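Heads up, upload27.txt below (compact mmCIF, C-alpha atoms):
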```
# COMPACT_ATOMS: atom_id res chain seq x y z
CA MET A 91 -64.06 -89.38 -29.06
CA ARG A 92 -64.27 -87.20 -25.95
CA ARG A 93 -64.81 -90.24 -23.74
CA LEU A 94 -61.84 -92.01 -25.27
CA GLN A 95 -59.63 -88.97 -24.71
CA ARG A 96 -60.69 -88.76 -21.08
CA GLY A 97 -60.11 -92.48 -20.60
CA VAL A 98 -56.59 -92.30 -22.04
CA ARG A 99 -55.77 -89.30 -19.88
CA THR A 100 -56.99 -91.02 -16.71
CA LEU A 101 -55.05 -94.15 -17.60
CA GLY A 102 -51.92 -92.03 -18.06
CA GLU A 103 -52.43 -90.36 -14.72
CA VAL A 104 -52.91 -93.71 -12.98
CA LEU A 105 -49.72 -95.06 -14.55
CA ILE A 106 -47.74 -91.98 -13.53
CA THR A 107 -49.09 -92.33 -10.00
CA LEU A 108 -48.08 -95.99 -9.83
CA GLY A 109 -44.61 -95.04 -11.09
CA LEU A 110 -44.29 -92.40 -8.38
CA LEU A 111 -45.43 -94.90 -5.74
CA LEU A 112 -42.79 -97.38 -6.89
CA PHE A 113 -40.15 -94.65 -6.75
CA LEU A 114 -41.33 -93.77 -3.24
CA PHE A 115 -41.09 -97.41 -2.17
CA VAL A 116 -37.55 -97.71 -3.50
CA SER A 117 -36.46 -94.55 -1.67
CA TRP A 118 -38.13 -95.82 1.50
CA GLN A 119 -36.42 -99.20 1.25
CA LEU A 120 -32.96 -97.96 0.29
CA TRP A 121 -32.77 -94.79 2.32
CA TRP A 122 -35.43 -94.35 4.97
CA THR A 123 -35.05 -97.85 6.51
CA ASP A 124 -31.35 -97.02 7.09
CA VAL A 125 -32.23 -93.72 8.74
CA THR A 126 -34.71 -95.23 11.19
CA ALA A 127 -32.84 -98.51 11.82
CA ASN A 128 -29.53 -96.74 12.52
CA ARG A 129 -31.26 -94.43 14.97
CA GLU A 130 -32.98 -97.29 16.79
CA GLN A 131 -29.90 -99.52 16.84
CA VAL A 132 -27.79 -96.79 18.45
CA VAL A 133 -30.42 -96.51 21.19
CA THR A 134 -30.30 -100.31 21.69
CA ILE A 135 -26.49 -100.24 21.91
CA HIS A 136 -26.60 -97.54 24.59
CA ALA A 137 -29.20 -99.48 26.56
CA LEU A 138 -27.11 -102.66 26.34
CA GLU A 139 -23.96 -100.83 27.45
CA ARG A 140 -25.80 -99.37 30.42
CA GLY A 141 -27.13 -102.81 31.32
CA PHE A 142 -23.72 -104.46 30.99
CA GLY A 143 -22.10 -101.92 33.32
CA PRO A 144 -18.52 -100.67 33.21
CA ALA A 145 -15.69 -102.93 32.01
CA GLY A 146 -12.40 -103.64 33.72
CA ILE A 147 -13.65 -103.13 37.28
CA PRO A 148 -13.10 -106.50 39.00
CA GLU A 149 -14.42 -105.62 42.46
CA ARG A 150 -17.86 -104.65 41.18
CA VAL A 151 -18.32 -107.78 39.14
CA ALA A 152 -16.84 -110.04 41.82
CA GLY A 153 -19.75 -109.23 44.10
CA THR A 154 -22.35 -110.61 41.71
CA PRO A 155 -21.97 -114.31 40.95
CA GLN A 156 -23.08 -114.86 37.36
CA THR A 157 -23.98 -117.82 35.27
CA PRO A 158 -23.57 -116.12 31.90
CA LEU A 159 -24.57 -118.98 29.65
CA ALA A 160 -27.66 -119.86 31.67
CA THR A 161 -28.83 -116.25 31.42
CA LEU A 162 -28.09 -116.05 27.69
CA THR A 163 -29.96 -119.21 26.74
CA LYS A 164 -33.15 -117.75 28.23
CA VAL A 165 -33.11 -114.64 26.04
CA PRO A 166 -36.65 -114.14 24.67
CA PHE A 167 -37.21 -114.01 20.92
CA GLY A 168 -36.51 -110.56 19.49
CA GLN A 169 -34.58 -109.27 22.50
CA ALA A 170 -31.07 -107.79 22.30
CA PHE A 171 -28.47 -109.65 24.40
CA ALA A 172 -25.02 -108.74 23.05
CA ILE A 173 -23.06 -106.22 21.00
CA MET A 174 -21.01 -107.14 17.94
CA ARG A 175 -17.93 -105.06 17.19
CA VAL A 176 -15.97 -105.48 13.96
CA PRO A 177 -12.84 -103.26 13.70
CA ARG A 178 -12.68 -103.96 9.93
CA PHE A 179 -16.05 -102.21 9.58
CA GLY A 180 -14.73 -99.18 11.49
CA ALA A 181 -13.51 -98.36 15.00
CA ASP A 182 -17.00 -97.28 16.05
CA PHE A 183 -18.84 -100.20 14.48
CA ALA A 184 -21.18 -101.63 17.12
CA ARG A 185 -24.45 -103.43 16.40
CA PRO A 186 -26.95 -105.10 18.69
CA LEU A 187 -27.30 -108.88 18.56
CA LEU A 188 -30.86 -110.09 18.99
CA GLN A 189 -32.48 -113.47 19.42
CA GLY A 190 -34.12 -114.74 16.23
CA THR A 191 -33.78 -114.14 12.48
CA ASP A 192 -37.24 -113.09 11.34
CA HIS A 193 -37.86 -109.90 9.37
CA ASP A 194 -38.64 -107.70 12.36
CA THR A 195 -35.64 -108.90 14.37
CA LEU A 196 -33.22 -108.26 11.50
CA THR A 197 -34.68 -104.77 11.23
CA ASN A 198 -33.43 -104.08 14.76
CA GLY A 199 -29.90 -105.42 14.37
CA ILE A 200 -28.03 -108.69 13.83
CA GLY A 201 -30.13 -111.80 14.46
CA HIS A 202 -29.02 -114.98 16.22
CA TYR A 203 -30.30 -118.21 14.62
CA SER A 204 -32.48 -119.81 17.30
CA GLY A 205 -31.15 -123.19 18.29
CA THR A 206 -27.51 -122.52 17.42
CA ALA A 207 -24.79 -122.06 20.06
CA PHE A 208 -24.43 -118.91 22.13
CA PRO A 209 -21.33 -116.65 22.05
CA GLY A 210 -18.19 -118.53 23.10
CA GLN A 211 -19.97 -121.87 23.37
CA VAL A 212 -18.59 -124.96 21.63
CA GLY A 213 -20.64 -125.31 18.44
CA ASN A 214 -21.70 -122.63 15.99
CA PHE A 215 -22.85 -119.21 17.11
CA ALA A 216 -24.66 -118.32 13.87
CA VAL A 217 -25.99 -114.85 13.07
CA ALA A 218 -27.67 -113.08 10.14
CA GLY A 219 -27.55 -109.41 9.17
CA HIS A 220 -28.74 -107.14 6.39
CA ARG A 221 -26.29 -106.45 3.56
CA THR A 222 -28.33 -103.45 2.41
CA THR A 223 -31.22 -101.49 3.98
CA TYR A 224 -32.36 -101.49 7.64
CA GLY A 225 -29.03 -100.11 8.89
CA MET A 226 -27.09 -102.68 6.79
CA PRO A 227 -24.86 -104.08 9.58
CA PHE A 228 -23.17 -106.57 7.21
CA SER A 229 -22.83 -104.12 4.31
CA ASN A 230 -19.07 -104.72 4.10
CA ILE A 231 -19.03 -108.43 4.95
CA ASP A 232 -17.11 -109.07 1.73
CA LEU A 233 -14.21 -106.93 3.03
CA LEU A 234 -13.52 -109.29 5.95
CA GLN A 235 -10.15 -110.99 5.61
CA THR A 236 -8.62 -114.03 7.28
CA GLY A 237 -7.52 -113.12 10.78
CA ASP A 238 -9.86 -110.13 11.16
CA VAL A 239 -11.11 -109.78 14.71
CA ILE A 240 -14.81 -109.92 15.61
CA VAL A 241 -15.72 -109.13 19.21
CA VAL A 242 -19.01 -110.22 20.75
CA GLU A 243 -19.63 -108.36 23.97
CA THR A 244 -22.03 -109.86 26.52
CA LYS A 245 -22.81 -108.91 30.10
CA ALA A 246 -20.23 -111.41 31.36
CA SER A 247 -17.42 -111.32 28.82
CA TYR A 248 -15.81 -110.26 25.57
CA ILE A 249 -15.71 -113.16 23.15
CA VAL A 250 -13.05 -112.67 20.49
CA TYR A 251 -13.27 -114.51 17.17
CA ALA A 252 -10.89 -114.40 14.19
CA VAL A 253 -12.13 -114.78 10.60
CA ALA A 254 -11.08 -118.11 9.10
CA ARG A 255 -12.76 -118.30 5.69
CA HIS A 256 -15.86 -117.44 3.68
CA VAL A 257 -18.20 -119.16 1.24
CA ILE A 258 -21.00 -118.04 -1.04
CA VAL A 259 -23.99 -120.38 -0.95
CA THR A 260 -27.64 -120.55 -1.92
CA PRO A 261 -30.19 -119.67 0.80
CA ASP A 262 -31.17 -123.32 1.31
CA GLN A 263 -27.65 -124.46 2.25
CA VAL A 264 -28.32 -124.44 5.97
CA GLU A 265 -25.33 -126.67 6.67
CA VAL A 266 -23.30 -123.46 7.02
CA ILE A 267 -24.92 -122.94 10.42
CA ALA A 268 -24.51 -126.58 11.56
CA PRO A 269 -22.65 -127.04 14.91
CA VAL A 270 -19.59 -127.90 12.83
CA PRO A 271 -20.00 -125.46 9.90
CA GLN A 272 -20.68 -127.30 6.61
CA HIS A 273 -20.50 -130.70 8.34
CA PRO A 274 -24.04 -131.33 9.59
CA GLY A 275 -24.25 -134.23 12.01
CA ASP A 276 -20.64 -133.97 13.23
CA LYS A 277 -20.07 -133.48 16.94
CA PRO A 278 -18.59 -130.03 17.58
CA THR A 279 -15.32 -129.66 19.48
CA GLN A 280 -14.59 -126.03 18.62
CA ALA A 281 -16.43 -122.74 19.01
CA TRP A 282 -17.34 -121.04 15.72
CA LEU A 283 -19.05 -117.83 14.73
CA THR A 284 -20.93 -117.83 11.41
CA MET A 285 -22.17 -114.62 9.81
CA THR A 286 -24.66 -114.73 6.93
CA ALA A 287 -25.80 -111.87 4.72
CA CYS A 288 -27.41 -111.25 1.34
CA HIS A 289 -25.30 -111.72 -1.75
CA PRO A 290 -24.86 -110.11 -4.17
CA ARG A 291 -25.66 -106.72 -2.73
CA PHE A 292 -29.30 -105.67 -3.40
CA SER A 293 -30.19 -109.26 -4.19
CA ALA A 294 -31.23 -112.27 -2.18
CA THR A 295 -30.30 -115.05 -4.58
CA GLN A 296 -27.24 -116.11 -2.59
CA ARG A 297 -25.76 -115.79 0.91
CA TYR A 298 -22.30 -114.48 1.75
CA VAL A 299 -21.15 -116.56 4.71
CA VAL A 300 -18.12 -115.85 6.92
CA PHE A 301 -16.75 -118.38 9.40
CA ALA A 302 -14.71 -117.16 12.36
CA LYS A 303 -13.05 -119.23 15.06
CA LEU A 304 -12.95 -118.51 18.78
CA VAL A 305 -9.68 -116.90 19.88
CA ARG A 306 -10.46 -116.39 23.55
CA SER A 307 -13.10 -115.25 26.02
CA ILE A 308 -12.13 -112.38 28.25
CA PRO A 309 -14.13 -111.73 31.44
CA ARG A 310 -15.72 -108.30 31.48
CA ALA A 311 -13.89 -107.60 34.74
CA THR A 312 -10.56 -107.90 32.92
CA GLY A 313 -11.55 -105.51 30.14
CA LEU A 314 -10.96 -105.85 26.41
CA PRO A 315 -7.31 -105.28 25.36
CA ALA A 316 -7.21 -102.28 23.01
CA SER A 317 -5.16 -104.24 20.47
CA TYR A 318 -8.23 -106.28 19.52
CA MET A 319 -10.13 -103.15 18.52
CA ALA A 320 -7.32 -101.78 16.33
CA VAL A 321 -8.66 -101.05 12.84
CA PRO A 322 -6.77 -103.25 10.35
CA ALA A 323 -4.54 -101.52 7.82
CA GLY A 324 -6.08 -100.96 4.42
CA THR A 325 -9.59 -100.45 5.74
CA VAL A 326 -11.65 -98.12 3.62
CA GLY A 327 -14.13 -95.95 5.49
CA MET B 144 -58.20 -87.53 -12.11
CA TYR B 145 -55.89 -84.79 -10.91
CA GLY B 146 -57.96 -82.19 -12.81
CA ALA B 147 -61.04 -83.25 -10.85
CA LEU B 148 -59.09 -83.05 -7.60
CA TRP B 149 -57.90 -79.54 -8.45
CA ARG B 150 -61.50 -78.43 -9.13
CA LEU B 151 -62.68 -80.00 -5.87
CA LEU B 152 -60.17 -78.08 -3.73
CA PRO B 153 -61.69 -74.82 -2.45
CA GLY B 154 -60.32 -71.28 -2.58
CA PRO B 155 -58.01 -69.38 -4.93
CA TRP B 156 -55.16 -71.18 -6.71
CA GLN B 157 -52.72 -70.41 -3.87
CA ALA B 158 -54.97 -72.25 -1.42
CA LYS B 159 -55.43 -75.12 -3.89
CA LEU B 160 -51.65 -75.42 -4.29
CA LEU B 161 -51.07 -75.46 -0.52
CA LEU B 162 -53.81 -78.05 0.01
CA SER B 163 -52.48 -80.32 -2.74
CA LEU B 164 -48.98 -80.14 -1.26
CA LEU B 165 -50.41 -81.07 2.14
CA LEU B 166 -52.29 -83.98 0.57
CA PHE B 167 -49.09 -85.14 -1.12
CA VAL B 168 -47.15 -85.04 2.15
CA ALA B 169 -49.94 -86.96 3.87
CA VAL B 170 -49.87 -89.68 1.20
CA VAL B 171 -46.06 -89.99 1.49
CA ALA B 172 -46.34 -90.22 5.29
CA VAL B 173 -48.96 -92.96 5.13
CA CYS B 174 -46.75 -94.90 2.71
CA PHE B 175 -43.53 -94.49 4.74
CA LEU B 176 -45.04 -95.16 8.15
CA TRP B 177 -47.63 -97.88 7.46
CA LEU B 178 -47.96 -99.13 3.91
CA PHE B 179 -44.28 -99.83 3.06
CA PRO B 180 -43.32 -101.40 6.43
CA ALA B 181 -46.36 -103.67 6.05
CA ILE B 182 -45.52 -104.94 2.57
CA ALA B 183 -41.69 -105.06 2.93
CA PRO B 184 -41.55 -108.55 4.53
CA SER B 185 -43.18 -110.07 1.45
CA MET B 186 -40.63 -108.55 -0.92
CA PRO B 187 -38.38 -111.19 -2.50
CA PHE B 188 -35.16 -109.25 -1.87
CA ASN B 189 -35.52 -109.01 1.91
CA GLY B 190 -33.88 -112.29 2.94
CA ASN B 191 -30.56 -112.52 4.79
CA SER B 192 -30.73 -115.82 6.60
CA VAL B 193 -30.41 -119.40 5.48
CA GLN B 194 -33.31 -121.68 6.26
CA SER B 195 -34.98 -125.02 5.71
CA GLY B 196 -37.05 -127.52 7.62
CA LEU B 197 -34.03 -129.25 9.17
CA SER B 198 -34.61 -130.37 12.72
CA PHE B 199 -31.58 -128.69 14.33
CA LEU B 200 -33.12 -125.34 13.47
CA ALA B 201 -35.93 -123.85 15.43
CA PRO B 202 -38.64 -122.88 12.94
CA THR B 203 -37.70 -119.58 11.34
CA PRO B 204 -40.30 -117.68 9.35
CA VAL B 205 -39.51 -117.32 5.67
CA ILE B 206 -38.30 -113.80 4.99
```

If you took the structure in this file and wrote it as structure tokens, what would it be?
Amino acid sequence: MRRLQRGVRTLGEVLITLGLLLFLFVSWQLWWTDVTANREQVVTIHALERGFGPAGIPERVAGTPQTPLATLTKVPFGQAFAIMRVPRFGADFARPLLQGTDHDTLTNGIGHYSGTAFPGQVGNFAVAGHRTTYGMPFSNIDLLQTGDVIVVETKASYIVYAVARHVIVTPDQVEVIAPVPQHPGDKPTQAWLTMTACHPRFSATQRYVVFAKLVRSIPRATGLPASYMAVPAGTVG
Amino acid sequence: MYGALWRLLPGPWQAKLLLSLLLFVAVVAVCFLWLFPAIAPSMPFNGNSVQSGLSFLAPTPVI
């Protein structure tokens, strides 16, 4: 009888411990990953901004002949190469864009699908971001409306896209990141931006996908017109 | 299990309490800094990209 009592007690303690560990994991995933990822992504943004140099100063840029696309296409896997700004997500919203879409890369910011077009290029500049956890850059992707501005800032230029439409698909529907979105095999004539994120929130059963179309590319020397960064009316938070 | 741990810790009950709190913090730190980051990629809810074996995609690891 004694032995049985002791066994039951130990079993209870083990179960309570496992429960606590699960609770710890959930708090780590839902809270701590945001804390660390936000901190690291802000550091990346500052480093990128320093590397890009000041905007709107033609004489400084004129002295350095650049081949922006050639430089971009050589970005190593996992490295940050651009900043994404989405006024709908807030005036201060700025997230690093990195090469690749594996787990570690998406922990550090928004990931660029290897093999898809680069910012401003004809084709589909396709990116993935977390909907929840790890800084959740695409937390509010479902708030994006037709016409909303998305600015991709590179060393050479500001590439301005406007949201055209969205779809909700299953994770295997890769045709959303085809050069002509949803028309795999077609020859692209336009420049698209495709954003993918988890859907529904806290689940990974579907993908929320937003398609945006190139509006214009503005050389860094010209500077980004403030009107593009105006927060749209009706934005919450 | 915890009873045995309590008996193992040396000193008066104040020292035992302090030591067990320290142990608890250490366990949480190990989980947050090493264990959880290591197992997170294999969790089924951590996917945000679309993927397949189509040729126009460079191979992307399943996340």

**Message:** as an NGL selection string, could you give me every residue of chain A near chain B (at most 6 Å apart, counting all atoms listed in the file)?
**Reply:** :A and (100 or 192-193 or 204-205 or 218 or 220 or 261-262 or 264 or 287-288 or 293-294)

**Message:** Could you check the closest approach to A:Val212 for each of A:Thr260, A:Gln131, A:Gln280, A:Thr107 and tell me which residue wins, using only C-alpha atoms?
**Reply:**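 Of A:Thr260, A:Gln131, A:Gln280, A:Thr107, the one nearest A:Val212 is A:Gln280, counting only C-alpha atoms.
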
**Request:** Quick one: pull the distance between atom CA of A:Gln169 and atom CA of A:Thr134, Å, one decimal.
**Result:**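 Pair atom CA of A:Gln169 / atom CA of A:Thr134 returns 10.0 Å.
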
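Every protein or nucleic acid residue with an atom no more than 12 Å from stretch 164-166 of chain B, counting only C-alpha atoms and leaving out same-chain residues fewer than 6 positions away, appears here: B:Leu148, B:Trp149, B:Leu152, B:Gln157, B:Ala158, B:Ala172, B:Val173.
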
**Message:** If we draw a sphere of 8 Å around (-28.7, -113.2, 10.8), which residues have at least one atom in it when counting all atoms listed in the file? Please report them as a ChimeraX atom specification.
**Reply:** /A:190-191,196,200-203,216-220,285-287 /B:191-192

**Length of the atom CA of A:Phe115 to atom CA of B:Phe167 vector [Å]** =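 Straight-line distance from atom CA of A:Phe115 to atom CA of B:Phe167 works out to 14.7 Å.
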
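Between atom CA of A:Ile249 and atom CA of A:Arg175 there is a distance of 10.3 Å.
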
Rebuild stretch 176-187 of chain B to N, CA and C atoms - output it as a PDB file, keeping the file's coordinate frame, please.
```pdb
ATOM      1  N   LEU B 176     -44.848 -94.709   6.765  1.00  0.00           N
ATOM      2  CA  LEU B 176     -45.040 -95.160   8.150  1.00  0.00           C
ATOM      3  C   LEU B 176     -45.860 -96.435   8.265  1.00  0.00           C
ATOM      4  N   TRP B 177     -46.784 -96.685   7.323  1.00  0.00           N
ATOM      5  CA  TRP B 177     -47.630 -97.880   7.460  1.00  0.00           C
ATOM      6  C   TRP B 177     -47.586 -98.797   6.265  1.00  0.00           C
ATOM      7  N   LEU B 178     -47.820 -98.264   5.078  1.00  0.00           N
ATOM      8  CA  LEU B 178     -47.960 -99.130   3.910  1.00  0.00           C
ATOM      9  C   LEU B 178     -46.671 -99.905   3.614  1.00  0.00           C
ATOM     10  N   PHE B 179     -45.531 -99.166   3.445  1.00  0.00           N
ATOM     11  CA  PHE B 179     -44.280 -99.830   3.060  1.00  0.00           C
ATOM     12  C   PHE B 179     -43.772-100.803   4.116  1.00  0.00           C
ATOM     13  N   PRO B 180     -43.758-100.415   5.421  1.00  0.00           N
ATOM     14  CA  PRO B 180     -43.320-101.400   6.430  1.00  0.00           C
ATOM     15  C   PRO B 180     -44.187-102.656   6.411  1.00  0.00           C
ATOM     16  N   ALA B 181     -45.461-102.509   6.032  1.00  0.00           N
ATOM     17  CA  ALA B 181     -46.360-103.670   6.050  1.00  0.00           C
ATOM     18  C   ALA B 181     -46.080-104.608   4.882  1.00  0.00           C
ATOM     19  N   ILE B 182     -45.709-104.053   3.720  1.00  0.00           N
ATOM     20  CA  ILE B 182     -45.520-104.940   2.570  1.00  0.00           C
ATOM     21  C   ILE B 182     -44.068-105.401   2.414  1.00  0.00           C
ATOM     22  N   ALA B 183     -43.111-104.732   3.100  1.00  0.00           N
ATOM     23  CA  ALA B 183     -41.690-105.060   2.930  1.00  0.00           C
ATOM     24  C   ALA B 183     -41.357-106.530   3.199  1.00  0.00           C
ATOM     25  N   PRO B 184     -41.928-107.150   4.267  1.00  0.00           N
ATOM     26  CA  PRO B 184     -41.550-108.550   4.530  1.00  0.00           C
ATOM     27  C   PRO B 184     -41.877-109.492   3.387  1.00  0.00           C
ATOM     28  N   SER B 185     -42.846-109.149   2.537  1.00  0.00           N
ATOM     29  CA  SER B 185     -43.180-110.070   1.450  1.00  0.00           C
ATOM     30  C   SER B 185     -42.384-109.801   0.187  1.00  0.00           C
ATOM     31  N   MET B 186     -41.454-108.833   0.257  1.00  0.00           N
ATOM     32  CA  MET B 186     -40.630-108.550  -0.920  1.00  0.00           C
ATOM     33  C   MET B 186     -39.557-109.628  -1.077  1.00  0.00           C
ATOM     34  N   PRO B 187     -39.299-110.064  -2.302  1.00  0.00           N
ATOM     35  CA  PRO B 187     -38.380-111.190  -2.500  1.00  0.00           C
ATOM     36  C   PRO B 187     -36.930-110.875  -2.170  1.00  0.00           C
TER      37      PRO B 187
END
```
